[in-house]
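Content type CSV, C-alpha atoms and all ligand atoms, from the file query39.csv:
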chain,number,residue,atom,x,y,z
A,1,MET,CA,30.3,-17.8,-9.5
A,2,LYS,CA,28.4,-14.5,-9.8
A,3,PRO,CA,26.8,-13.2,-6.6
A,4,THR,CA,22.9,-13.3,-6.4
A,5,VAL,CA,20.8,-10.2,-6.1
A,6,VAL,CA,17.0,-10.4,-5.3
A,7,VAL,CA,15.1,-7.5,-6.7
A,8,TYR,CA,11.9,-7.4,-4.7
A,9,ASN,CA,9.8,-4.8,-6.5
A,10,SER,CA,9.8,-3.3,-10.0
A,11,LEU,CA,13.1,-1.7,-11.2
A,12,TYR,CA,13.9,0.4,-14.2
A,13,PRO,CA,15.6,-1.6,-17.0
A,14,GLU,CA,18.8,0.5,-16.9
A,15,ALA,CA,19.2,-0.4,-13.2
A,16,LEU,CA,18.4,-4.1,-13.8
A,17,ASP,CA,20.9,-4.2,-16.7
A,18,TYR,CA,23.6,-2.7,-14.5
A,19,ILE,CA,23.1,-5.3,-11.8
A,20,ASN,CA,22.9,-8.1,-14.4
A,21,GLN,CA,26.4,-7.2,-15.7
A,22,SER,CA,28.0,-8.6,-12.6
A,23,CYS,CA,25.3,-10.5,-10.7
A,24,HIS,CA,22.7,-13.2,-11.1
A,25,VAL,CA,19.4,-11.5,-10.7
A,26,ASP,CA,16.2,-13.0,-9.2
A,27,TYR,CA,13.5,-10.5,-10.2
A,28,PHE,CA,10.2,-10.2,-8.4
A,29,PRO,CA,8.4,-7.0,-9.6
A,30,GLY,CA,5.7,-7.9,-7.1
A,31,TYR,CA,7.1,-10.2,-4.4
A,32,LYS,CA,3.9,-10.5,-2.4
A,33,GLU,CA,2.2,-12.3,-5.3
A,34,LYS,CA,5.1,-14.8,-5.6
A,35,MET,CA,5.8,-15.4,-1.9
A,36,PRO,CA,7.0,-19.1,-2.0
A,37,ASP,CA,9.4,-18.3,-4.9
A,38,PHE,CA,10.6,-15.1,-3.3
A,39,LEU,CA,11.3,-16.9,0.0
A,40,LYS,CA,13.2,-19.6,-2.0
A,41,ALA,CA,15.3,-17.0,-3.8
A,42,LEU,CA,16.2,-15.4,-0.5
A,43,LYS,CA,18.0,-18.6,0.6
A,44,THR,CA,20.8,-17.9,-1.9
A,45,ALA,CA,20.6,-14.1,-2.0
A,46,ASP,CA,23.9,-12.1,-1.4
A,47,GLY,CA,22.0,-8.8,-1.8
A,48,ILE,CA,18.5,-7.5,-1.9
A,49,ILE,CA,17.2,-4.3,-3.4
A,50,GLY,CA,13.8,-2.6,-3.3
A,51,SER,CA,11.7,-0.4,-1.0
A,52,GLY,CA,9.4,-1.1,1.9
A,53,LEU,CA,10.2,-4.7,2.8
A,54,ARG,CA,10.4,-5.2,6.5
A,55,VAL,CA,13.9,-6.6,7.1
A,56,ASP,CA,13.9,-8.1,10.6
A,57,GLU,CA,14.9,-11.3,12.4
A,58,GLU,CA,12.2,-13.4,10.6
A,59,LEU,CA,13.3,-12.2,7.2
A,60,LEU,CA,17.0,-12.6,7.9
A,61,GLU,CA,16.3,-16.3,8.9
A,62,GLN,CA,15.3,-16.8,5.3
A,63,ALA,CA,18.4,-15.1,3.9
A,64,PRO,CA,21.5,-16.7,5.5
A,65,ASN,CA,24.0,-15.4,2.9
A,66,LEU,CA,22.9,-11.8,2.9
A,67,LYS,CA,25.7,-9.1,2.7
A,68,ILE,CA,23.7,-6.0,1.7
A,69,VAL,CA,20.2,-4.6,1.9
A,70,SER,CA,19.9,-1.8,-0.6
A,71,ASN,CA,16.9,0.4,0.1
A,72,LYS,CA,15.5,2.2,-2.9
A,73,SER,CA,14.3,5.1,-0.6
A,74,VAL,CA,15.8,7.6,1.8
A,75,GLY,CA,13.7,6.4,4.7
A,76,TYR,CA,15.0,3.2,6.3
A,77,ASP,CA,12.4,2.6,9.1
A,78,ASN,CA,11.7,-0.7,7.4
A,79,LEU,CA,15.1,-2.0,8.5
A,80,ASP,CA,16.1,-3.3,11.9
A,81,ILE,CA,19.4,-1.4,11.9
A,82,PRO,CA,20.8,-2.8,15.2
A,83,LEU,CA,20.2,-6.3,14.0
A,84,LEU,CA,21.8,-5.8,10.6
A,85,LYS,CA,24.8,-4.2,12.2
A,86,GLU,CA,25.1,-7.1,14.7
A,87,ARG,CA,25.0,-9.6,11.8
A,88,GLY,CA,27.6,-7.7,9.8
A,89,ILE,CA,25.2,-6.9,7.0
A,90,GLN,CA,25.6,-3.6,5.2
A,91,ALA,CA,22.7,-1.3,4.4
A,92,SER,CA,22.2,1.7,2.0
A,93,ASN,CA,19.6,4.2,1.1
A,94,THR,CA,19.2,6.9,-1.6
A,95,PRO,CA,19.6,10.4,0.0
A,96,GLY,CA,20.2,13.6,-2.0
A,97,VAL,CA,19.0,12.6,-5.5
A,98,LEU,CA,15.4,13.2,-4.5
A,99,ASP,CA,15.7,16.3,-2.4
A,100,ASP,CA,14.5,18.8,-5.1
A,101,THR,CA,11.6,16.6,-6.2
A,102,VAL,CA,10.3,16.0,-2.6
A,103,ALA,CA,10.7,19.7,-1.8
A,104,ASP,CA,8.6,20.5,-4.9
A,105,THR,CA,5.9,18.1,-3.7
A,106,ILE,CA,5.9,19.8,-0.3
A,107,MET,CA,5.5,23.2,-1.9
A,108,ALA,CA,2.6,21.8,-3.9
A,109,LEU,CA,1.0,20.6,-0.6
A,110,ILE,CA,1.6,24.0,1.0
A,111,LEU,CA,0.1,25.9,-1.9
A,112,SER,CA,-2.8,23.5,-2.5
A,113,ALA,CA,-3.8,23.6,1.2
A,114,ALA,CA,-3.4,27.4,1.5
A,115,ARG,CA,-5.2,28.3,-1.7
A,116,ARG,CA,-7.7,25.4,-1.4
A,117,VAL,CA,-6.8,24.0,-4.9
A,118,PRO,CA,-8.5,20.6,-4.8
A,119,GLU,CA,-11.7,22.0,-3.2
A,120,LEU,CA,-11.9,24.8,-5.8
A,121,ASP,CA,-11.0,22.4,-8.7
A,122,GLN,CA,-14.0,20.3,-7.7
A,123,PHE,CA,-16.1,23.5,-7.4
A,124,VAL,CA,-15.3,24.4,-11.1
A,125,LYS,CA,-15.7,20.9,-12.5
A,126,SER,CA,-19.0,20.1,-10.8
A,127,GLY,CA,-20.6,23.2,-12.3
A,128,GLU,CA,-21.1,24.9,-8.9
A,129,TRP,CA,-19.1,28.0,-10.0
A,130,SER,CA,-21.5,28.8,-12.9
A,131,ALA,CA,-24.5,27.9,-10.7
A,132,GLN,CA,-23.7,30.0,-7.6
A,133,GLY,CA,-20.7,32.1,-8.2
A,134,PHE,CA,-17.5,32.4,-6.2
A,135,ARG,CA,-17.9,33.9,-2.7
A,136,ASP,CA,-15.7,35.5,0.0
A,137,HIS,CA,-15.9,32.5,2.3
A,138,GLN,CA,-14.0,30.5,-0.4
A,139,PHE,CA,-10.9,32.6,-0.2
A,140,GLY,CA,-7.6,31.0,0.8
A,141,VAL,CA,-4.7,32.4,2.8
A,142,ASP,CA,-1.4,33.8,1.5
A,143,VAL,CA,1.8,31.7,1.5
A,144,HIS,CA,4.3,34.4,0.6
A,145,HIS,CA,5.9,36.4,3.4
A,146,LYS,CA,4.5,33.9,6.0
A,147,THR,CA,6.5,31.9,8.5
A,148,LEU,CA,7.4,28.3,7.7
A,149,GLY,CA,8.5,26.0,10.6
A,150,ILE,CA,10.5,23.0,9.5
A,151,ILE,CA,10.9,20.1,12.0
A,152,GLY,CA,13.8,18.1,10.5
A,153,MET,CA,16.1,20.5,8.6
A,154,GLY,CA,18.1,17.9,6.7
A,155,GLY,CA,18.5,17.3,3.0
A,156,ILE,CA,14.9,17.7,2.1
A,157,GLY,CA,14.1,20.3,4.8
A,158,SER,CA,16.9,22.5,3.5
A,159,THR,CA,15.8,22.2,-0.1
A,160,LEU,CA,12.3,23.2,1.0
A,161,ALA,CA,13.7,26.1,2.9
A,162,LYS,CA,15.5,27.3,-0.3
A,163,ARG,CA,12.2,27.4,-2.2
A,164,ALA,CA,10.3,29.0,0.6
A,165,ARG,CA,12.9,31.7,1.4
A,166,PHE,CA,13.9,32.7,-2.2
A,167,GLY,CA,10.7,31.8,-4.1
A,168,PHE,CA,8.1,33.0,-1.6
A,169,ASP,CA,9.9,35.4,0.7
A,170,MET,CA,9.0,33.2,3.7
A,171,ASN,CA,10.6,33.4,7.1
A,172,ILE,CA,12.1,30.1,8.1
A,173,LEU,CA,12.2,28.6,11.6
A,174,TYR,CA,13.5,25.1,12.2
A,175,HIS,CA,13.9,22.5,14.9
A,176,ASN,CA,16.4,19.6,14.9
A,177,ARG,CA,18.4,17.8,17.6
A,178,SER,CA,21.5,19.7,16.3
A,179,ARG,CA,22.0,23.1,14.6
A,180,ASN,CA,22.2,23.3,10.8
A,181,GLU,CA,24.5,26.2,10.4
A,182,GLN,CA,24.4,26.0,6.6
A,183,ALA,CA,20.7,26.5,6.6
A,184,GLU,CA,21.0,29.4,9.1
A,185,HIS,CA,23.6,31.1,6.8
A,186,THR,CA,22.0,30.4,3.4
A,187,TYR,CA,18.3,30.6,4.1
A,188,ASP,CA,18.3,32.8,7.2
A,189,ALA,CA,16.7,29.9,9.1
A,190,VAL,CA,16.3,30.5,12.8
A,191,TYR,CA,16.8,27.6,15.2
A,192,CYS,CA,13.9,27.2,17.7
A,193,THR,CA,12.7,24.9,20.4
A,194,MET,CA,9.7,22.8,19.2
A,195,GLU,CA,7.3,24.9,21.3
A,196,GLU,CA,8.6,28.2,19.8
A,197,LEU,CA,8.4,26.8,16.3
A,198,LEU,CA,4.8,25.6,16.7
A,199,ARG,CA,3.7,28.9,18.4
A,200,GLN,CA,5.2,31.2,15.6
A,201,SER,CA,4.7,29.2,12.4
A,202,ASP,CA,1.9,29.7,9.8
A,203,PHE,CA,3.0,26.5,8.1
A,204,VAL,CA,4.4,23.6,10.1
A,205,CYS,CA,6.2,20.9,8.1
A,206,VAL,CA,7.5,17.7,9.6
A,207,MET,CA,10.5,16.2,7.7
A,208,THR,CA,12.3,13.9,10.2
A,209,PRO,CA,12.9,10.2,9.7
A,210,LEU,CA,10.6,7.8,11.6
A,211,THR,CA,12.6,6.6,14.6
A,212,PRO,CA,11.7,5.4,18.1
A,213,GLN,CA,12.3,9.1,19.2
A,214,THR,CA,10.1,10.7,16.4
A,215,LYS,CA,7.2,8.1,16.5
A,216,GLY,CA,4.1,10.1,17.6
A,217,MET,CA,6.2,13.2,18.0
A,218,ILE,CA,3.3,15.5,16.9
A,219,GLY,CA,0.3,14.8,19.1
A,220,ASP,CA,-2.5,16.6,21.0
A,221,ALA,CA,-0.1,18.9,22.9
A,222,GLU,CA,1.7,19.9,19.7
A,223,PHE,CA,-1.5,20.7,17.8
A,224,ALA,CA,-2.7,22.7,20.8
A,225,GLY,CA,0.5,24.7,20.6
A,226,MET,CA,0.0,25.7,17.0
A,227,LYS,CA,-1.8,28.9,15.7
A,228,GLU,CA,-5.5,28.4,14.9
A,229,THR,CA,-4.6,29.6,11.4
A,230,ALA,CA,-1.7,27.1,11.0
A,231,ILE,CA,-1.5,24.6,8.1
A,232,PHE,CA,0.2,21.4,9.0
A,233,ILE,CA,2.2,19.4,6.4
A,234,ASN,CA,3.6,15.9,6.7
A,235,ALA,CA,5.7,14.3,4.0
A,236,SER,CA,8.0,12.3,6.2
A,237,ARG,CA,6.3,9.2,7.6
A,238,GLY,CA,2.7,8.8,8.8
A,239,ALA,CA,3.7,7.5,12.2
A,240,VAL,CA,5.7,10.6,13.1
A,241,VAL,CA,2.2,12.1,13.8
A,242,ASP,CA,-0.5,10.8,16.1
A,243,GLU,CA,-3.1,10.6,13.4
A,244,GLN,CA,-6.1,10.6,15.8
A,245,ALA,CA,-4.7,13.8,17.4
A,246,LEU,CA,-4.5,15.4,13.9
A,247,ILE,CA,-8.1,14.4,13.2
A,248,ARG,CA,-9.2,15.8,16.5
A,249,ALA,CA,-7.3,19.1,15.9
A,250,LEU,CA,-8.8,19.5,12.4
A,251,GLN,CA,-12.3,18.6,13.5
A,252,ALA,CA,-12.2,21.0,16.4
A,253,GLY,CA,-10.8,23.9,14.3
A,254,GLN,CA,-7.7,23.9,16.4
A,255,ILE,CA,-5.7,24.4,13.1
A,256,LEU,CA,-6.8,25.6,9.7
A,257,GLY,CA,-5.9,22.7,7.5
A,258,ALA,CA,-3.4,20.0,6.5
A,259,GLY,CA,-1.4,18.7,3.5
A,260,LEU,CA,-0.5,15.0,3.8
A,261,ASP,CA,1.7,12.8,1.6
A,262,VAL,CA,1.9,10.0,4.2
A,263,PHE,CA,-0.4,8.2,6.6
A,264,GLU,CA,-0.2,5.8,9.5
A,265,GLN,CA,-1.7,3.1,7.3
A,266,GLU,CA,-0.8,3.1,3.5
A,267,PRO,CA,-2.7,2.9,1.3
A,268,VAL,CA,-5.0,4.9,3.5
A,269,SER,CA,-8.4,3.2,4.2
A,270,ALA,CA,-11.5,4.7,2.5
A,271,ASP,CA,-13.1,5.4,5.9
A,272,ASN,CA,-10.2,7.4,7.4
A,273,PRO,CA,-11.9,10.6,8.7
A,274,LEU,CA,-9.1,12.7,7.1
A,275,LEU,CA,-10.5,11.9,3.7
A,276,ALA,CA,-13.9,13.5,4.6
A,277,LEU,CA,-12.4,16.8,5.6
A,278,PRO,CA,-12.4,19.5,2.9
A,279,ASN,CA,-9.5,21.4,4.5
A,280,VAL,CA,-7.1,18.4,4.1
A,281,VAL,CA,-5.2,17.9,0.9
A,282,THR,CA,-4.0,14.3,0.4
A,283,LEU,CA,-1.4,12.6,-1.9
A,284,PRO,CA,-0.6,8.9,-2.1
A,285,HIS,CA,3.0,9.0,-0.8
A,286,ILE,CA,4.4,10.4,-4.1
A,287,GLY,CA,7.1,12.8,-2.7
A,288,SER,CA,9.8,11.5,-5.0
A,289,ALA,CA,7.5,10.1,-7.7
A,290,THR,CA,8.8,11.6,-10.9
A,291,GLU,CA,10.2,9.6,-13.8
A,292,GLU,CA,13.6,11.4,-13.6
A,293,THR,CA,14.0,11.1,-9.9
A,294,ARG,CA,12.8,7.5,-9.5
A,295,LYS,CA,15.4,6.5,-12.2
A,296,LYS,CA,18.2,8.3,-10.3
A,297,MET,CA,17.1,6.5,-7.1
A,298,ALA,CA,17.0,3.1,-8.9
A,299,MET,CA,20.5,3.6,-10.3
A,300,LEU,CA,21.9,4.7,-6.9
A,301,ALA,CA,20.3,1.7,-5.2
A,302,ALA,CA,21.6,-0.6,-8.0
A,303,GLU,CA,25.2,0.7,-7.6
A,304,ASN,CA,25.0,0.2,-3.9
A,305,VAL,CA,23.8,-3.4,-4.1
A,306,VAL,CA,26.5,-4.3,-6.7
A,307,ALA,CA,29.1,-2.6,-4.5
A,308,GLY,CA,27.9,-4.5,-1.5
A,309,VAL,CA,27.9,-8.0,-3.1
A,310,THR,CA,31.3,-7.4,-4.8
A,311,GLY,CA,33.1,-6.0,-1.7
A,312,GLN,CA,33.4,-2.4,-3.0
A,313,PRO,CA,32.6,0.6,-0.8
A,314,LEU,CA,28.9,1.7,-0.9
A,315,LYS,CA,28.1,5.0,-2.4
A,316,THR,CA,25.5,5.9,0.3
A,317,SER,CA,25.9,3.6,3.3
A,318,ILE,CA,23.5,4.1,6.2
A,319,TYR,CA,26.2,3.3,8.8
A,401,LIG,N1,7.1,11.5,1.2
A,401,LIG,C1,8.1,10.9,0.6
A,401,LIG,O1,7.9,10.4,-0.5
A,401,LIG,C2,9.5,10.9,1.2
A,401,LIG,C3,9.6,10.9,2.5
A,401,LIG,N2,10.9,10.9,3.0
A,401,LIG,C4,11.1,10.9,4.5
A,401,LIG,O2,11.8,12.1,4.8
A,401,LIG,C5,12.8,11.7,5.8
A,401,LIG,C6,13.9,12.8,5.8
A,401,LIG,O3,14.6,12.7,4.7
A,401,LIG,P1,16.0,13.5,4.5
A,401,LIG,O4,15.7,15.0,4.6
A,401,LIG,O5,16.7,13.0,3.3
A,401,LIG,O6,16.8,13.1,5.8
A,401,LIG,P2,18.0,13.8,6.6
A,401,LIG,O7,18.6,12.8,7.4
A,401,LIG,O8,18.8,14.6,5.6
A,401,LIG,O9,17.2,14.9,7.5
A,401,LIG,C7,16.5,14.5,8.6
A,401,LIG,C8,16.5,15.6,9.6
A,401,LIG,O10,15.6,15.2,10.7
A,401,LIG,C9,16.3,15.7,11.9
A,401,LIG,N3,15.9,14.8,13.0
A,401,LIG,C10,16.2,13.5,13.2
A,401,LIG,N4,15.7,13.0,14.4
A,401,LIG,C11,15.1,14.1,15.0
A,401,LIG,C12,14.4,14.3,16.2
A,401,LIG,N5,14.3,13.2,17.1
A,401,LIG,N6,14.0,15.5,16.5
A,401,LIG,C13,14.1,16.5,15.6
A,401,LIG,N7,14.8,16.4,14.5
A,401,LIG,C14,15.2,15.2,14.1
A,401,LIG,C15,17.8,15.6,11.6
A,401,LIG,O11,18.6,16.5,12.4
A,401,LIG,P3,19.2,16.0,13.8
A,401,LIG,O12,19.9,14.7,13.5
A,401,LIG,O13,20.1,17.2,14.1
A,401,LIG,O14,18.1,15.9,14.8
A,401,LIG,C16,17.8,16.0,10.2
A,401,LIG,O15,18.0,17.4,10.0
A,401,LIG,C17,13.2,10.3,5.4
A,401,LIG,O16,13.7,9.6,6.5
A,401,LIG,C18,11.9,9.7,5.0
A,401,LIG,O17,11.2,9.1,6.0
A,401,LIG,C19,12.0,11.0,2.2
A,401,LIG,C20,11.9,11.0,0.9
A,401,LIG,C21,10.6,11.0,0.2
A,402,LIG,O1,9.3,7.8,1.2
A,402,LIG,C1,10.2,7.7,0.4
A,402,LIG,C2,11.6,7.7,0.8
A,402,LIG,O2,12.5,7.8,-0.1
A,402,LIG,O3,11.9,7.5,2.0
Once more with this new file: its structure as structure tokens, please.
Ligand SMILES: NC(=O)C1=CN([C@@H]2O[C@H](COP(=O)(O)OP(=O)(O)OC[C@H]3O[C@@H](n4cnc5c(N)ncnc54)[C@H](OP(=O)(O)O)[C@@H]3O)[C@@H](O)[C@H]2O)C=CC1
Ligand SMILES: O=CC(=O)O
Amino acid sequence: MKPTVVVYNSLYPEALDYINQSCHVDYFPGYKEKMPDFLKALKTADGIIGSGLRVDEELLEQAPNLKIVSNKSVGYDNLDIPLLKERGIQASNTPGVLDDTVADTIMALILSAARRVPELDQFVKSGEWSAQGFRDHQFGVDVHHKTLGIIGMGGIGSTLAKRARFGFDMNILYHNRSRNEQAEHTYDAVYCTMEELLRQSDFVCVMTPLTPQTKGMIGDAEFAGMKETAIFINASRGAVVDEQALIRALQAGQILGAGLDVFEQEPVSADNPLLALPNVVTLPHIGSATEETRKKMAMLAAENVVAGVTGQPLKTSIY
């Protein structure tokens, strides 16, 4: 009998076909709208694939045969890893294949925030440019030759460092729990304490995973430690930052601006004060969202789930 794989959000046809070749597929492009059927399918699932589903004790109770959870994302803060390990269930994610695309998104946030792109786009389209002309107070700040501090110099952080160093002649500082010697050699990145990095950087970019250690890692004290001219970028997970502290820092002029791809609550609610601040550039969590990269992520996640249910080694196992 073929193993059963539950696909819990939409998946490219190529990836679905690949799973279909060796598995029975229960496909739920939007599992939330089909909850009773989805829960029924979990009862016989050997593997599940998708992104964002919270896999915890409650979910595992519904899925007694589960052998693999294949996350179609790099981040795996939706998974209870100690519990999965304890139950002997494998888990995989999709590192590497999205590094360039996410680094491009971060450069877009850096450039948009520094050069006030969304604000000035609106200025042109609303007719204000022709009505009142462009004034000095609308100038932005340079990105080239400035200092970029990267908190979380891993796959994406290093790919960002490459762009910043060689494309924009930026100086790179970084902070991790451990040294990244490759980034030091290749991008002249300088290892710093968090305090040093915040004090010296013109752009501060957070790129760590969300873990119990990183939750709320950037708060009042960290914003107070940044330059008044600093631009803060977050494309990791919203909860790595204390969002209320970020709002306070922006409203008080403690930092110059922010570029955000992620939020504590997603989709972000319409009354979030961040949305009312002209010096904040926002994106709807689209770091890896290009056609080409999402296809690569889907195929990698499909290969992992098939490997997991057929007893083969996973391509990108989390543990
Ligand atoms: N916006 C989006 O669409 C996307 C967001 N992401 C997010 O980005 C995260 C990073 O991805 P990726 O670069 O592939 O991951 P990596 O594992 O390659 O890099 C993570 C880096 O964070 C560092 N780190 C981990 N914990 C801490 C800590 N407590 N303090 C300081 N540094 C820490 C690690 O170094 P060390 O272990 O030495 O501390 C490592 O250098 C993902 O987990 C995901 O949440 C990913 C893809 C797209
Ligand atoms: O947020 C996206 C991811 O891949 O993680």
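Going from CA of Tyr8 (chain A) to CA of Glu303 (chain A) covers 15.8 Å.
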For Glu14 (chain A), please output as a compact mmCIF listing (two decimals) with C-alpha atoms, in the frame of the given file all residues within 12 Å (counting all atoms listed in the file; exclusion window: fewer than 6 positions along the same chain).
# COMPACT_ATOMS: atom_id res chain seq x y z
CA ASN A 20 22.90 -8.10 -14.40
CA GLN A 21 26.40 -7.20 -15.70
CA ARG A 294 12.80 7.50 -9.50
CA LYS A 295 15.40 6.50 -12.20
CA LYS A 296 18.20 8.30 -10.30
CA MET A 297 17.10 6.50 -7.10
CA ALA A 298 17.00 3.10 -8.90
CA MET A 299 20.50 3.60 -10.30
CA LEU A 300 21.90 4.70 -6.90
CA ALA A 301 20.30 1.70 -5.20
CA ALA A 302 21.60 -0.60 -8.00
CA GLU A 303 25.20 0.70 -7.60
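Taking all atoms listed in the file, the non-local environment of Gln62 (chain A) within 7 Å (same-chain residues fewer than 6 positions away omitted) comprises Leu39, Leu42 and Lys43 of chain A.
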Return as a short mmCIF file (atom, residue, chain, number, x, y, z; two decimals) with C-alpha atoms, keeping the file's coordinate frame every polymer residue, whether protein, DNA or RNA, with at least one atom no more than 7 Å from an atom of ligand LIG 402 (chain A); count all atoms listed in the file.
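Once written, result.cif looks like this:
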data_model
loop_
_atom_site.label_atom_id
_atom_site.label_comp_id
_atom_site.auth_asym_id
_atom_site.auth_seq_id
_atom_site.Cartn_x
_atom_site.Cartn_y
_atom_site.Cartn_z
CA LYS A 72 15.50 2.20 -2.90
CA SER A 73 14.30 5.10 -0.60
CA VAL A 74 15.80 7.60 1.80
CA GLY A 75 13.70 6.40 4.70
CA TYR A 76 15.00 3.20 6.30
CA THR A 94 19.20 6.90 -1.60
CA SER A 236 8.00 12.30 6.20
CA HIS A 285 3.00 9.00 -0.80
CA GLY A 287 7.10 12.80 -2.70
CA SER A 288 9.80 11.50 -5.00
#
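For Val306 (chain A), the list of residues within 10 Å, based on all atoms listed in the file and with local chain neighbours fewer than 3 positions off taken out, reads Pro3, Thr4, Val5, Tyr18, Ile19, Asn20, Gln21, Ser22, Cys23, Asp46, Gly47, Ile48, Ile49, Ile68, Ser70, Ala301, Ala302, Glu303, Val309, Thr310, Gly311, Gln312, Pro313 and Leu314 of chain A.
If you measure from each of A:Gly308, A:Asp26, A:Gln182, A:Ser51 to Asn9 (chain A) using all atoms listed in the file, the closest one turns out to be A:Ser51.
With all atoms listed in the file as the atoms that count, the residue of A:Leu53, A:Ile81, A:Ile286, A:Cys192 with the shortest distance to ligand LIG 401 (chain A) is A:Ile286.
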Counting all atoms listed in the file, which protein, DNA or RNA residues come within 8 Å of ligand LIG 401 (chain A), given as a PDB file with C-alpha atoms, in the frame of the given file?
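This is the output file part_13.pdb:
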ATOM      1  CA  SER A  73      14.300   5.100  -0.600  1.00  0.00           C
ATOM      2  CA  VAL A  74      15.800   7.600   1.800  1.00  0.00           C
ATOM      3  CA  GLY A  75      13.700   6.400   4.700  1.00  0.00           C
ATOM      4  CA  TYR A  76      15.000   3.200   6.300  1.00  0.00           C
ATOM      5  CA  ASP A  77      12.400   2.600   9.100  1.00  0.00           C
ATOM      6  CA  PRO A  95      19.600  10.400   0.000  1.00  0.00           C
ATOM      7  CA  GLY A  96      20.200  13.600  -2.000  1.00  0.00           C
ATOM      8  CA  LEU A  98      15.400  13.200  -4.500  1.00  0.00           C
ATOM      9  CA  ASP A  99      15.700  16.300  -2.400  1.00  0.00           C
ATOM     10  CA  VAL A 102      10.300  16.000  -2.600  1.00  0.00           C
ATOM     11  CA  ILE A 151      10.900  20.100  12.000  1.00  0.00           C
ATOM     12  CA  GLY A 152      13.800  18.100  10.500  1.00  0.00           C
ATOM     13  CA  MET A 153      16.100  20.500   8.600  1.00  0.00           C
ATOM     14  CA  GLY A 154      18.100  17.900   6.700  1.00  0.00           C
ATOM     15  CA  GLY A 155      18.500  17.300   3.000  1.00  0.00           C
ATOM     16  CA  ILE A 156      14.900  17.700   2.100  1.00  0.00           C
ATOM     17  CA  GLY A 157      14.100  20.300   4.800  1.00  0.00           C
ATOM     18  CA  SER A 158      16.900  22.500   3.500  1.00  0.00           C
ATOM     19  CA  HIS A 175      13.900  22.500  14.900  1.00  0.00           C
ATOM     20  CA  ASN A 176      16.400  19.600  14.900  1.00  0.00           C
ATOM     21  CA  ARG A 177      18.400  17.800  17.600  1.00  0.00           C
ATOM     22  CA  SER A 178      21.500  19.700  16.300  1.00  0.00           C
ATOM     23  CA  ARG A 179      22.000  23.100  14.600  1.00  0.00           C
ATOM     24  CA  ASN A 180      22.200  23.300  10.800  1.00  0.00           C
ATOM     25  CA  MET A 207      10.500  16.200   7.700  1.00  0.00           C
ATOM     26  CA  THR A 208      12.300  13.900  10.200  1.00  0.00           C
ATOM     27  CA  PRO A 209      12.900  10.200   9.700  1.00  0.00           C
ATOM     28  CA  LEU A 210      10.600   7.800  11.600  1.00  0.00           C
ATOM     29  CA  THR A 211      12.600   6.600  14.600  1.00  0.00           C
ATOM     30  CA  GLN A 213      12.300   9.100  19.200  1.00  0.00           C
ATOM     31  CA  THR A 214      10.100  10.700  16.400  1.00  0.00           C
ATOM     32  CA  ASN A 234       3.600  15.900   6.700  1.00  0.00           C
ATOM     33  CA  ALA A 235       5.700  14.300   4.000  1.00  0.00           C
ATOM     34  CA  SER A 236       8.000  12.300   6.200  1.00  0.00           C
ATOM     35  CA  ARG A 237       6.300   9.200   7.600  1.00  0.00           C
ATOM     36  CA  ASP A 261       1.700  12.800   1.600  1.00  0.00           C
ATOM     37  CA  VAL A 262       1.900  10.000   4.200  1.00  0.00           C
ATOM     38  CA  HIS A 285       3.000   9.000  -0.800  1.00  0.00           C
ATOM     39  CA  ILE A 286       4.400  10.400  -4.100  1.00  0.00           C
ATOM     40  CA  GLY A 287       7.100  12.800  -2.700  1.00  0.00           C
ATOM     41  CA  SER A 288       9.800  11.500  -5.000  1.00  0.00           C
ATOM     42  CA  ALA A 289       7.500  10.100  -7.700  1.00  0.00           C
TER      43      ALA A 289
END
Check: What is the CA of Phe232 (chain A)-CA of Val204 (chain A) distance in Å, reported with one decimal?
Finding: 4.9 Å
Margin query: Rounded to one decimal, what separation in Å do you get between CA of Leu11 (chain A) and CA of Leu260 (chain A)?
Written below: 26.2 Å
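The list of residues with at least one atom within 9 Å of Tyr31 (chain A), based on all atoms listed in the file and without residues fewer than 3 positions apart in the same chain, reads Val7, Tyr8, Asn9, Tyr27, Phe28, Lys34, Met35, Asp37 and Phe38 of chain A.
Comparing the minimum interatomic distances between Pro118 (chain A) and each of A:Met226, A:Met194, A:Leu277, A:Ala15, counting only C-alpha atoms, we find that A:Leu277 sits nearest.
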Note to self: With only C-alpha atoms as the counted atoms, please give the residues lying no more than 9 Å from Ala161 (chain A), apart from itself and same-chain residues fewer than 2 positions off, as a list of chain:residue names.
What the structure shows: A:Ala103, A:Leu148, A:Ile150, A:Met153, A:Ile156, A:Gly157, A:Ser158, A:Thr159, A:Arg163, A:Ala164, A:Arg165, A:Phe166, A:Met170, A:Asn171, A:Ile172, A:Ala183, A:Tyr187, A:Ala189
